[in-house]
file run.cif (mmCIF, C-alpha atoms)
data_upload
#
loop_
_atom_site.group_PDB
_atom_site.id
_atom_site.type_symbol
_atom_site.label_atom_id
_atom_site.label_comp_id
_atom_site.auth_asym_id
_atom_site.auth_seq_id
_atom_site.Cartn_x
_atom_site.Cartn_y
_atom_site.Cartn_z
ATOM 1 C CA ASN A 52 -6.434 41.498 -6.613
ATOM 2 C CA PRO A 53 -7.572 39.104 -3.840
ATOM 3 C CA LEU A 54 -9.824 37.231 -6.297
ATOM 4 C CA ALA A 55 -6.718 36.133 -8.206
ATOM 5 C CA ALA A 56 -4.859 34.886 -5.110
ATOM 6 C CA ARG A 57 -3.142 31.513 -5.363
ATOM 7 C CA LEU A 58 -1.736 29.331 -2.585
ATOM 8 C CA THR A 59 1.645 27.646 -3.102
ATOM 9 C CA VAL A 60 3.809 25.601 -0.749
ATOM 10 C CA HIS A 61 7.551 26.202 -0.877
ATOM 11 C CA GLY A 62 9.903 23.283 -0.396
ATOM 12 C CA LEU A 63 13.075 21.782 -1.787
ATOM 13 C CA ASN A 64 11.734 21.950 -5.350
ATOM 14 C CA GLY A 65 10.542 25.534 -5.088
ATOM 15 C CA GLY A 66 6.871 26.510 -5.094
ATOM 16 C CA GLU A 67 4.286 23.785 -5.597
ATOM 17 C CA ALA A 68 0.612 24.381 -6.340
ATOM 18 C CA LEU A 69 -1.855 23.250 -3.691
ATOM 19 C CA SER A 70 -3.143 20.518 -6.024
ATOM 20 C CA PHE A 71 0.239 18.766 -5.724
ATOM 21 C CA PHE A 72 -0.669 17.842 -2.138
ATOM 22 C CA LEU A 73 -4.197 16.510 -2.668
ATOM 23 C CA GLY A 74 -4.565 12.892 -1.607
ATOM 24 C CA ARG A 75 -6.439 10.167 0.234
ATOM 25 C CA THR A 76 -5.427 7.001 2.041
ATOM 26 C CA THR A 77 -6.215 3.602 0.574
ATOM 27 C CA PRO A 78 -8.044 1.539 1.648
ATOM 28 C CA SER A 79 -10.384 4.128 3.126
ATOM 29 C CA PRO A 80 -10.061 4.407 6.906
ATOM 30 C CA PRO A 81 -13.098 3.262 8.916
ATOM 31 C CA LYS A 82 -15.560 6.021 9.719
ATOM 32 C CA GLU A 83 -17.213 6.872 12.994
ATOM 33 C CA SER A 84 -20.521 5.139 13.704
ATOM 34 C CA GLU A 85 -23.076 7.056 15.766
ATOM 35 C CA GLY A 86 -20.368 9.326 17.109
ATOM 36 C CA ARG A 87 -18.112 6.454 18.211
ATOM 37 C CA LYS A 88 -14.609 6.064 16.866
ATOM 38 C CA PRO A 89 -13.746 2.764 15.129
ATOM 39 C CA GLY A 90 -12.003 0.216 17.322
ATOM 40 C CA PRO A 91 -8.675 -1.552 16.659
ATOM 41 C CA GLU A 92 -10.423 -4.470 14.907
ATOM 42 C CA ALA A 93 -12.157 -2.149 12.427
ATOM 43 C CA GLN A 94 -8.891 -0.310 11.774
ATOM 44 C CA GLN A 95 -7.123 -3.639 11.204
ATOM 45 C CA MET A 96 -9.764 -4.720 8.675
ATOM 46 C CA SER A 97 -9.345 -1.485 6.720
ATOM 47 C CA ARG A 98 -5.737 -2.316 5.839
ATOM 48 C CA ALA A 99 -4.530 -4.140 2.740
ATOM 49 C CA ARG A 100 -3.372 -7.378 4.358
ATOM 50 C CA VAL A 101 -2.762 -10.984 3.273
ATOM 51 C CA SER A 102 -1.797 -13.828 5.605
ATOM 52 C CA LEU A 103 0.453 -16.793 4.720
ATOM 53 C CA GLN A 104 0.918 -19.757 7.065
ATOM 54 C CA VAL A 105 4.052 -21.945 6.867
ATOM 55 C CA SER A 106 3.995 -25.539 8.160
ATOM 56 C CA GLN A 107 6.424 -26.543 10.919
ATOM 57 C CA ASP A 108 8.495 -28.668 8.517
ATOM 58 C CA ARG A 109 8.414 -25.766 6.005
ATOM 59 C CA THR A 110 7.120 -27.973 3.179
ATOM 60 C CA ARG A 111 3.703 -26.306 2.721
ATOM 61 C CA VAL A 112 2.406 -22.742 2.598
ATOM 62 C CA THR A 113 -1.289 -21.884 2.866
ATOM 63 C CA SER A 114 -3.017 -18.537 2.556
ATOM 64 C CA ASP A 115 -6.314 -16.842 3.331
ATOM 65 C CA VAL A 116 -6.655 -15.797 -0.345
ATOM 66 C CA GLY A 117 -6.525 -17.479 -3.747
ATOM 67 C CA HIS A 118 -4.191 -17.115 -6.722
ATOM 68 C CA ASN A 119 -5.902 -14.185 -8.480
ATOM 69 C CA MET A 120 -6.369 -12.205 -5.280
ATOM 70 C CA LEU A 121 -2.758 -12.674 -4.194
ATOM 71 C CA GLU A 122 -1.531 -11.682 -7.636
ATOM 72 C CA HIS A 123 -3.678 -8.536 -7.566
ATOM 73 C CA PHE A 124 -2.500 -7.784 -4.019
ATOM 74 C CA LEU A 125 1.133 -7.917 -5.133
ATOM 75 C CA ASN A 126 0.850 -5.949 -8.385
ATOM 76 C CA GLY A 127 -1.780 -3.457 -7.135
ATOM 77 C CA GLN A 128 -3.157 -2.970 -10.650
ATOM 78 C CA PRO A 129 -5.939 -0.307 -10.808
ATOM 79 C CA ARG A 130 -9.120 -1.813 -12.258
ATOM 80 C CA ALA A 131 -12.418 -0.399 -13.481
ATOM 81 C CA VAL A 132 -15.614 -1.244 -11.617
ATOM 82 C CA ARG A 133 -18.334 1.222 -12.624
ATOM 83 C CA HIS A 134 -18.849 4.490 -14.555
ATOM 84 C CA ARG A 135 -21.940 6.666 -14.135
ATOM 85 C CA PRO A 136 -21.858 9.706 -16.454
ATOM 86 C CA GLY A 137 -24.302 12.590 -15.977
ATOM 87 C CA LYS A 138 -24.935 16.164 -17.032
ATOM 88 C CA LEU A 139 -23.877 17.790 -13.777
ATOM 89 C CA LEU A 140 -22.396 14.828 -11.913
ATOM 90 C CA THR A 141 -20.189 12.005 -13.161
ATOM 91 C CA SER A 142 -18.693 9.234 -11.045
ATOM 92 C CA TRP A 143 -16.195 6.413 -11.436
ATOM 93 C CA THR A 144 -15.588 3.456 -9.135
ATOM 94 C CA VAL A 145 -12.134 1.886 -9.222
ATOM 95 C CA GLN A 146 -10.483 -1.049 -7.498
ATOM 96 C CA LEU A 147 -6.924 -0.501 -6.211
ATOM 97 C CA GLY A 148 -5.778 -3.976 -5.270
ATOM 98 C CA PRO A 149 -8.234 -6.559 -3.894
ATOM 99 C CA PHE A 150 -9.074 -4.685 -0.678
ATOM 100 C CA ALA A 151 -9.608 -1.068 -1.752
ATOM 101 C CA GLN A 152 -12.547 0.216 -3.779
ATOM 102 C CA HIS A 153 -13.023 3.957 -4.219
ATOM 103 C CA THR A 154 -15.684 6.130 -5.853
ATOM 104 C CA ILE A 155 -14.581 9.427 -7.406
ATOM 105 C CA GLU A 156 -17.153 12.083 -8.316
ATOM 106 C CA VAL A 157 -16.999 15.424 -10.078
ATOM 107 C CA GLU A 158 -19.972 17.803 -9.866
ATOM 108 C CA LYS A 159 -20.981 21.292 -11.005
ATOM 109 C CA LYS A 160 -23.900 23.232 -9.533
ATOM 110 C CA THR A 161 -24.837 24.735 -12.886
ATOM 111 C CA ALA A 162 -23.858 24.049 -16.482
ATOM 112 C CA SER A 163 -22.255 27.482 -16.967
ATOM 113 C CA THR A 164 -20.103 27.677 -13.835
ATOM 114 C CA LYS A 165 -16.374 26.945 -13.885
ATOM 115 C CA LEU A 166 -16.430 25.903 -10.226
ATOM 116 C CA ALA A 167 -16.423 22.143 -9.693
ATOM 117 C CA VAL A 168 -16.379 19.794 -6.693
ATOM 118 C CA VAL A 169 -14.355 16.584 -6.628
ATOM 119 C CA ARG A 170 -15.314 13.995 -4.010
ATOM 120 C CA VAL A 171 -13.634 10.765 -3.007
ATOM 121 C CA ASP A 172 -15.802 8.164 -1.257
ATOM 122 C CA GLY A 173 -18.406 10.811 -0.485
ATOM 123 C CA ASP A 174 -16.003 13.297 1.109
ATOM 124 C CA VAL A 175 -15.047 16.564 -0.585
ATOM 125 C CA LEU A 176 -11.472 16.508 -1.864
ATOM 126 C CA VAL A 177 -11.480 19.979 -3.425
ATOM 127 C CA GLU A 178 -13.903 22.678 -4.644
ATOM 128 C CA ALA A 179 -12.180 24.964 -7.127
ATOM 129 C CA THR A 180 -11.861 26.214 -10.680
ATOM 130 C CA GLY A 181 -9.281 24.960 -13.121
ATOM 131 C CA GLU A 182 -7.279 28.147 -12.652
ATOM 132 C CA ASP A 183 -7.192 27.581 -8.886
ATOM 133 C CA LEU A 184 -5.617 24.162 -9.474
ATOM 134 C CA GLY A 185 -3.041 25.387 -11.976
ATOM 135 C CA SER A 186 -4.727 23.543 -14.855
ATOM 136 C CA ARG A 187 -4.093 23.874 -18.557
ATOM 137 C CA ASP A 188 -5.742 26.884 -20.228
ATOM 138 C CA GLY A 189 -9.438 26.210 -20.700
ATOM 139 C CA TRP A 190 -9.330 22.973 -18.715
ATOM 140 C CA PHE A 191 -10.254 21.713 -15.276
ATOM 141 C CA ASP A 192 -7.470 19.328 -14.219
ATOM 142 C CA CYS A 193 -7.577 17.930 -10.706
ATOM 143 C CA PRO A 194 -4.570 15.742 -9.852
ATOM 144 C CA PHE A 195 -4.519 13.780 -6.615
ATOM 145 C CA ARG A 196 -3.098 10.555 -5.272
ATOM 146 C CA PHE A 197 -4.050 7.512 -3.245
ATOM 147 C CA VAL A 198 -1.390 6.507 -0.719
ATOM 148 C CA GLY A 199 -1.386 3.203 1.135
ATOM 149 C CA GLU A 200 0.644 0.486 2.802
ATOM 150 C CA LYS A 201 0.084 -3.232 2.245
ATOM 151 C CA HIS A 202 1.050 -5.897 4.761
ATOM 152 C CA LEU A 203 2.078 -9.464 3.972
ATOM 153 C CA ASP A 204 1.897 -11.464 7.220
ATOM 154 C CA TRP A 205 3.964 -14.665 7.403
ATOM 155 C CA GLU A 206 3.015 -17.000 10.234
ATOM 156 C CA VAL A 207 6.101 -19.183 10.775
ATOM 157 C CA HIS A 208 7.547 -21.499 13.403
ATOM 158 C CA GLU A 209 10.429 -20.044 15.340
ATOM 159 C CA LEU A 210 13.951 -21.392 14.869
ATOM 160 C CA ALA A 211 16.524 -21.827 17.622
ATOM 161 C CA GLY A 212 19.163 -24.021 15.972
ATOM 162 C CA GLN A 213 22.525 -23.210 14.419
ATOM 163 C CA THR A 214 21.109 -23.527 10.877
ATOM 164 C CA GLN A 215 17.946 -22.390 9.157
ATOM 165 C CA GLN A 216 17.037 -26.014 8.385
ATOM 166 C CA GLY A 217 16.978 -27.208 11.974
ATOM 167 C CA GLY A 218 15.681 -26.328 15.408
ATOM 168 C CA ALA A 219 12.069 -25.516 14.474
ATOM 169 C CA GLN A 220 9.919 -25.044 17.577
ATOM 170 C CA SER A 221 6.196 -25.479 18.092
ATOM 171 C CA SER A 222 5.820 -21.797 18.979
ATOM 172 C CA ARG A 223 4.776 -19.510 16.140
ATOM 173 C CA ALA A 224 5.489 -15.897 15.294
ATOM 174 C CA VAL A 225 4.360 -13.418 12.641
ATOM 175 C CA VAL A 226 6.819 -11.735 10.289
ATOM 176 C CA THR A 227 5.253 -8.767 8.467
ATOM 177 C CA GLN A 228 6.532 -7.355 5.181
ATOM 178 C CA LYS A 229 5.290 -3.788 4.685
ATOM 179 C CA THR A 230 5.223 -2.076 1.300
ATOM 180 C CA LYS A 231 4.179 1.533 0.689
ATOM 181 C CA TYR A 232 2.492 2.380 -2.611
ATOM 182 C CA THR A 233 0.937 5.319 -4.457
ATOM 183 C CA HIS A 234 -1.607 5.649 -7.289
ATOM 184 C CA HIS A 235 -1.756 8.964 -9.189
ATOM 185 C CA CYS A 236 -5.168 10.114 -10.454
ATOM 186 C CA MET A 237 -6.398 12.923 -12.700
ATOM 187 C CA VAL A 238 -9.959 14.172 -13.247
ATOM 188 C CA SER A 239 -10.246 16.373 -16.341
ATOM 189 C CA PHE A 240 -12.790 18.142 -18.536
ATOM 190 C CA ARG A 241 -12.939 21.235 -20.751
ATOM 191 C CA GLU A 242 -14.393 24.177 -18.887
ATOM 192 C CA SER A 243 -16.383 25.096 -21.990
ATOM 193 C CA ALA A 244 -18.266 21.783 -21.766
ATOM 194 C CA ARG A 245 -21.760 22.287 -20.380
ATOM 195 C CA GLU A 246 -22.187 18.623 -19.429
ATOM 196 C CA LEU A 247 -19.891 16.521 -17.265
ATOM 197 C CA ASN A 248 -20.544 13.271 -19.111
ATOM 198 C CA VAL A 249 -17.426 14.160 -21.140
ATOM 199 C CA ALA A 250 -15.225 14.285 -18.033
ATOM 200 C CA SER A 251 -12.404 11.745 -17.870
ATOM 201 C CA LEU A 252 -10.503 9.911 -15.163
ATOM 202 C CA LYS A 253 -6.972 8.535 -15.413
ATOM 203 C CA VAL A 254 -5.238 6.367 -12.819
ATOM 204 C CA ASP A 255 -1.473 5.981 -13.161
ATOM 205 C CA GLY A 256 -1.748 7.455 -16.653
ATOM 206 C CA VAL A 257 -4.358 4.930 -17.870
ATOM 207 C CA SER A 258 -7.837 6.186 -18.784
ATOM 208 C CA PHE A 259 -10.778 4.528 -17.041
ATOM 209 C CA GLU A 260 -12.080 3.145 -20.338
ATOM 210 C CA ARG A 261 -8.814 1.260 -20.946
ATOM 211 C CA MET A 262 -8.479 -0.271 -17.476
ATOM 212 C CA PHE A 263 -8.967 -3.970 -16.863
ATOM 213 C CA ARG A 264 -12.386 -4.807 -15.480
ATOM 214 C CA GLN A 265 -12.533 -6.011 -11.885
ATOM 215 C CA PRO A 266 -13.636 -9.697 -11.789
ATOM 216 C CA ASP A 267 -15.414 -11.539 -8.989
ATOM 217 C CA TYR A 268 -12.995 -13.559 -6.875
ATOM 218 C CA ARG A 269 -14.381 -17.081 -6.531
ATOM 219 C CA GLU A 270 -11.462 -19.419 -6.037
ATOM 220 C CA ASP A 271 -9.830 -21.822 -3.610
ATOM 221 C CA THR A 272 -7.212 -20.503 -1.229
ATOM 222 C CA ILE A 273 -3.541 -21.156 -1.893
ATOM 223 C CA ASN A 274 -1.914 -24.385 -0.675
ATOM 224 C CA CYS A 275 1.503 -25.014 -2.232
ATOM 225 C CA THR A 276 5.192 -25.611 -1.585
ATOM 226 C CA PRO A 277 7.601 -22.742 -0.766
ATOM 227 C CA ALA A 278 9.382 -23.381 -4.076
ATOM 228 C CA THR A 279 6.127 -22.965 -6.019
ATOM 229 C CA LEU A 280 5.327 -19.782 -4.102
ATOM 230 C CA GLN A 281 8.710 -18.284 -4.937
ATOM 231 C CA LYS A 282 8.537 -19.306 -8.598
ATOM 232 C CA SER A 283 4.963 -18.059 -9.101
ATOM 233 C CA TYR A 284 5.026 -14.839 -7.061
ATOM 234 C CA GLY A 285 8.658 -14.131 -6.199
ATOM 235 C CA LEU A 286 7.893 -14.593 -2.489
ATOM 236 C CA ARG A 287 10.538 -16.177 -0.282
ATOM 237 C CA VAL A 288 9.474 -17.778 3.007
ATOM 238 C CA PRO A 289 11.186 -15.982 5.929
ATOM 239 C CA HIS A 290 12.727 -17.453 9.083
ATOM 240 C CA MET A 291 12.221 -16.271 12.650
ATOM 241 C CA PHE A 292 15.132 -16.802 15.055
ATOM 242 C CA THR A 293 14.789 -16.726 18.856
ATOM 243 C CA ASP A 294 18.301 -17.761 19.950
ATOM 244 C CA ASP A 295 20.649 -14.752 20.101
ATOM 245 C CA SER A 296 23.795 -16.727 19.396
ATOM 246 C CA SER A 297 22.407 -18.471 16.320
ATOM 247 C CA THR A 298 21.134 -15.467 14.370
ATOM 248 C CA PRO A 299 23.003 -14.202 11.319
ATOM 249 C CA LEU A 300 23.233 -10.771 12.968
ATOM 250 C CA GLY A 301 24.746 -12.272 16.121
ATOM 251 C CA ASP A 302 27.335 -14.149 14.081
ATOM 252 C CA ILE A 303 28.239 -11.020 12.096
ATOM 253 C CA CYS A 304 28.649 -8.885 15.223
ATOM 254 C CA ASP A 305 30.779 -11.586 16.863
ATOM 255 C CA SER A 306 33.002 -11.731 13.762
ATOM 256 C CA VAL A 307 33.391 -7.948 13.677
ATOM 257 C CA ALA A 308 34.208 -7.858 17.387
ATOM 258 C CA ARG A 309 36.847 -10.570 16.995
ATOM 259 C CA THR A 310 38.499 -8.787 14.045
ATOM 260 C CA VAL A 311 38.556 -5.408 15.811
ATOM 261 C CA THR A 312 40.061 -6.772 19.026
ATOM 262 C CA GLN A 313 42.730 -8.707 17.136
ATOM 263 C CA SER A 314 43.657 -5.777 14.870
ATOM 264 C CA PHE A 315 43.815 -3.073 17.522
ATOM 265 C CA GLY A 316 44.699 -5.121 20.590
ATOM 266 C CA TRP A 317 41.553 -4.128 22.478
ATOM 267 C CA ASP A 318 40.603 -6.256 25.430
ATOM 268 C CA ALA A 319 37.993 -8.996 25.672
ATOM 269 C CA LYS A 320 35.641 -6.706 27.601
ATOM 270 C CA LEU A 321 35.256 -4.441 24.571
ATOM 271 C CA ARG A 322 34.733 -7.469 22.346
ATOM 272 C CA ALA A 323 31.909 -8.589 24.611
ATOM 273 C CA GLN A 324 30.353 -5.136 24.385
ATOM 274 C CA LEU A 325 30.499 -5.192 20.575
ATOM 275 C CA LYS A 326 29.003 -8.658 20.464
ATOM 276 C CA SER A 327 26.187 -7.504 22.758
ATOM 277 C CA ILE A 328 24.997 -5.228 19.942
ATOM 278 C CA GLY A 329 23.828 -8.287 18.031
ATOM 279 C CA VAL A 330 22.316 -9.778 21.168
ATOM 280 C CA SER A 331 20.299 -6.673 22.038
ATOM 281 C CA LEU A 332 19.001 -6.252 18.469
ATOM 282 C CA SER A 333 17.919 -9.878 18.185
ATOM 283 C CA ALA A 334 16.650 -10.410 21.733
ATOM 284 C CA ASN A 335 13.029 -9.885 20.678
ATOM 285 C CA GLN A 336 13.216 -12.263 17.693
ATOM 286 C CA LEU A 337 14.981 -11.560 14.416
ATOM 287 C CA PRO A 338 13.316 -12.272 11.073
ATOM 288 C CA ALA A 339 15.444 -13.264 8.103
ATOM 289 C CA PHE A 340 14.487 -13.691 4.443
#
call {"tool": "encode", "arguments": {"input": "run.cif", "output": "structure tokens"}}
result
Amino acid sequence: NPLAARLTVHGLNGGEALSFFLGRTTPSPPKESEGRKPGPEAQQMSRARVSLQVSQDRTRVTSDVGHNMLEHFLNGQPRAVRHRPGKLLTSWTVQLGPFAQHTIEVEKKTASTKLAVVRVDGDVLVEATGEDLGSRDGWFDCPFRFVGEKHLDWEVHELAGQTQQGGAQSSRAVVTQKTKYTHHCMVSFRESARELNVASLKVDGVSFERMFRQPDYREDTINCTPATLQKSYGLRVPHMFTDDSSTPLGDICDSVARTVTQSFGWDAKLRAQLKSIGVSLSANQLPAF
């Protein structure tokens, strides 16, 4: 019976229903304007990104955000913004970290139909019945996920000395810490319900009604010592080395090369080749945390 067909994707865990692969990126990517693709600046702005600047003497750290925003950026807690229930269309707006706000809608064309449309930020995610999605009996369950990557940019002065405490230069470099993250969502309602105002949304297992409300961020930007930053947020200020011979990786490779040549009697030429591994890896600056 072609009307009862179901699509599955076979992988390492066997067959998975199509709904297992539903997802969207967060924050939402920039959209085309008047047929023109978004430029690099617009794409950069659409990313979850916080910048931290470290003074040359490494005694102060400043940021482009305040305490509450940085805390929300790090923990990524989903928060409730707005709920608009309706008979045939219900929507929820959620905040996923300080830079990503998404609106999720579920709609039915008529009260009696089992077919429903789920949209994310105005774009159709799926149009299906509960059976199509592998839902519980008598239910419409639409699971999907938001997938993103947040960037923490450290602007630091480069180091060229033998120790991390000395040799700071006036030149600056950016060390970026990248963290991937996922939020799991579920839109549900009983198919026997004739109105969608009873539909529910859960994000990471928490119902919309029980989420923290998203506040307005009105605060001063961060200006503190590295010790305070580490104690308050668990963030450790990185170093950026420019001198090949003074990097931890260069020292490790030199030590390994020395041990190998002494143990096996290999010549100095091979030792130089082994040491060059550290040089080549650190030639374009080597960050260390």
call {"tool": "atom_distance", "arguments": {"input": "run.cif", "atom1": "CA of Gly173 (chain A)", "atom2": "CA of Phe259 (chain A)"}}
result
19.3 Å
call {"tool": "resolve_selection", "arguments": {"input": "run.cif", "expression": "the PyMOL selection byres ((chain A and resi 245) around 7)", "output": "count of residues only"}}
result
6
call {"tool": "atom_distance", "arguments": {"input": "run.cif", "atom1": "CA of Thr276 (chain A)", "atom2": "CA of Lys201 (chain A)"}}
result
23.3 Å
call {"tool": "closest_residue", "arguments": {"input": "run.cif", "among": "A:Cys193, A:Ala179, A:Pro266, A:Pro80", "to": "Lys165 (chain A)", "atoms": "all atoms listed in the file"}}
result
A:Ala179
call {"tool": "resolve_selection", "arguments": {"input": "run.cif", "expression": "the PyMOL selection byres ((chain A and resi 120-132) around 10)", "output": "NGL selection string"}}
result
:A and (99-102 or 114-119 or 133-134 or 143-154 or 201-203 or 230 or 232-234 or 254-255 or 257-270 or 272-273 or 283-286)
call {"tool": "atom_distance", "arguments": {"input": "run.cif", "atom1": "CA of Val112 (chain A)", "atom2": "CA of Val226 (chain A)"}}
result
14.1 Å
call {"tool": "closest_residue", "arguments": {"input": "run.cif", "among": "A:Ile155, A:Val225, A:Asp174, A:Ser79", "to": "Glu209 (chain A)", "atoms": "all atoms listed in the file"}}
result
A:Val225
call {"tool": "residues_around", "arguments": {"input": "run.cif", "residues": "Lys159 (chain A)", "least_positions_apart": "5", "cutoff": "10 Å", "atoms": "only C-alpha atoms", "output": "PyMOL selection string"}}
result
chain A and resi 138-141+164-169+178+245-247
call {"tool": "residues_near_point", "arguments": {"input": "run.cif", "point": "(9.8, -17.1, 3.7)", "cutoff": "8 Å", "atoms": "only C-alpha atoms", "output": "list in words"}}
result
Trp205, Pro277, Leu286, Arg287, Val288, Pro289, His290 and Phe340 of chain A
call {"tool": "resolve_selection", "arguments": {"input": "run.cif", "expression": "the PyMOL selection byres ((chain A and resi 239) around 7)", "output": "PyMOL selection string"}}
result
chain A and resi 191-193+237-238+240+250-252
call {"tool": "closest_residue", "arguments": {"input": "run.cif", "among": "A:His208, A:Arg135, A:Lys253, A:Asn248", "to": "Phe195 (chain A)", "atoms": "all atoms listed in the file"}}
result
A:Lys253
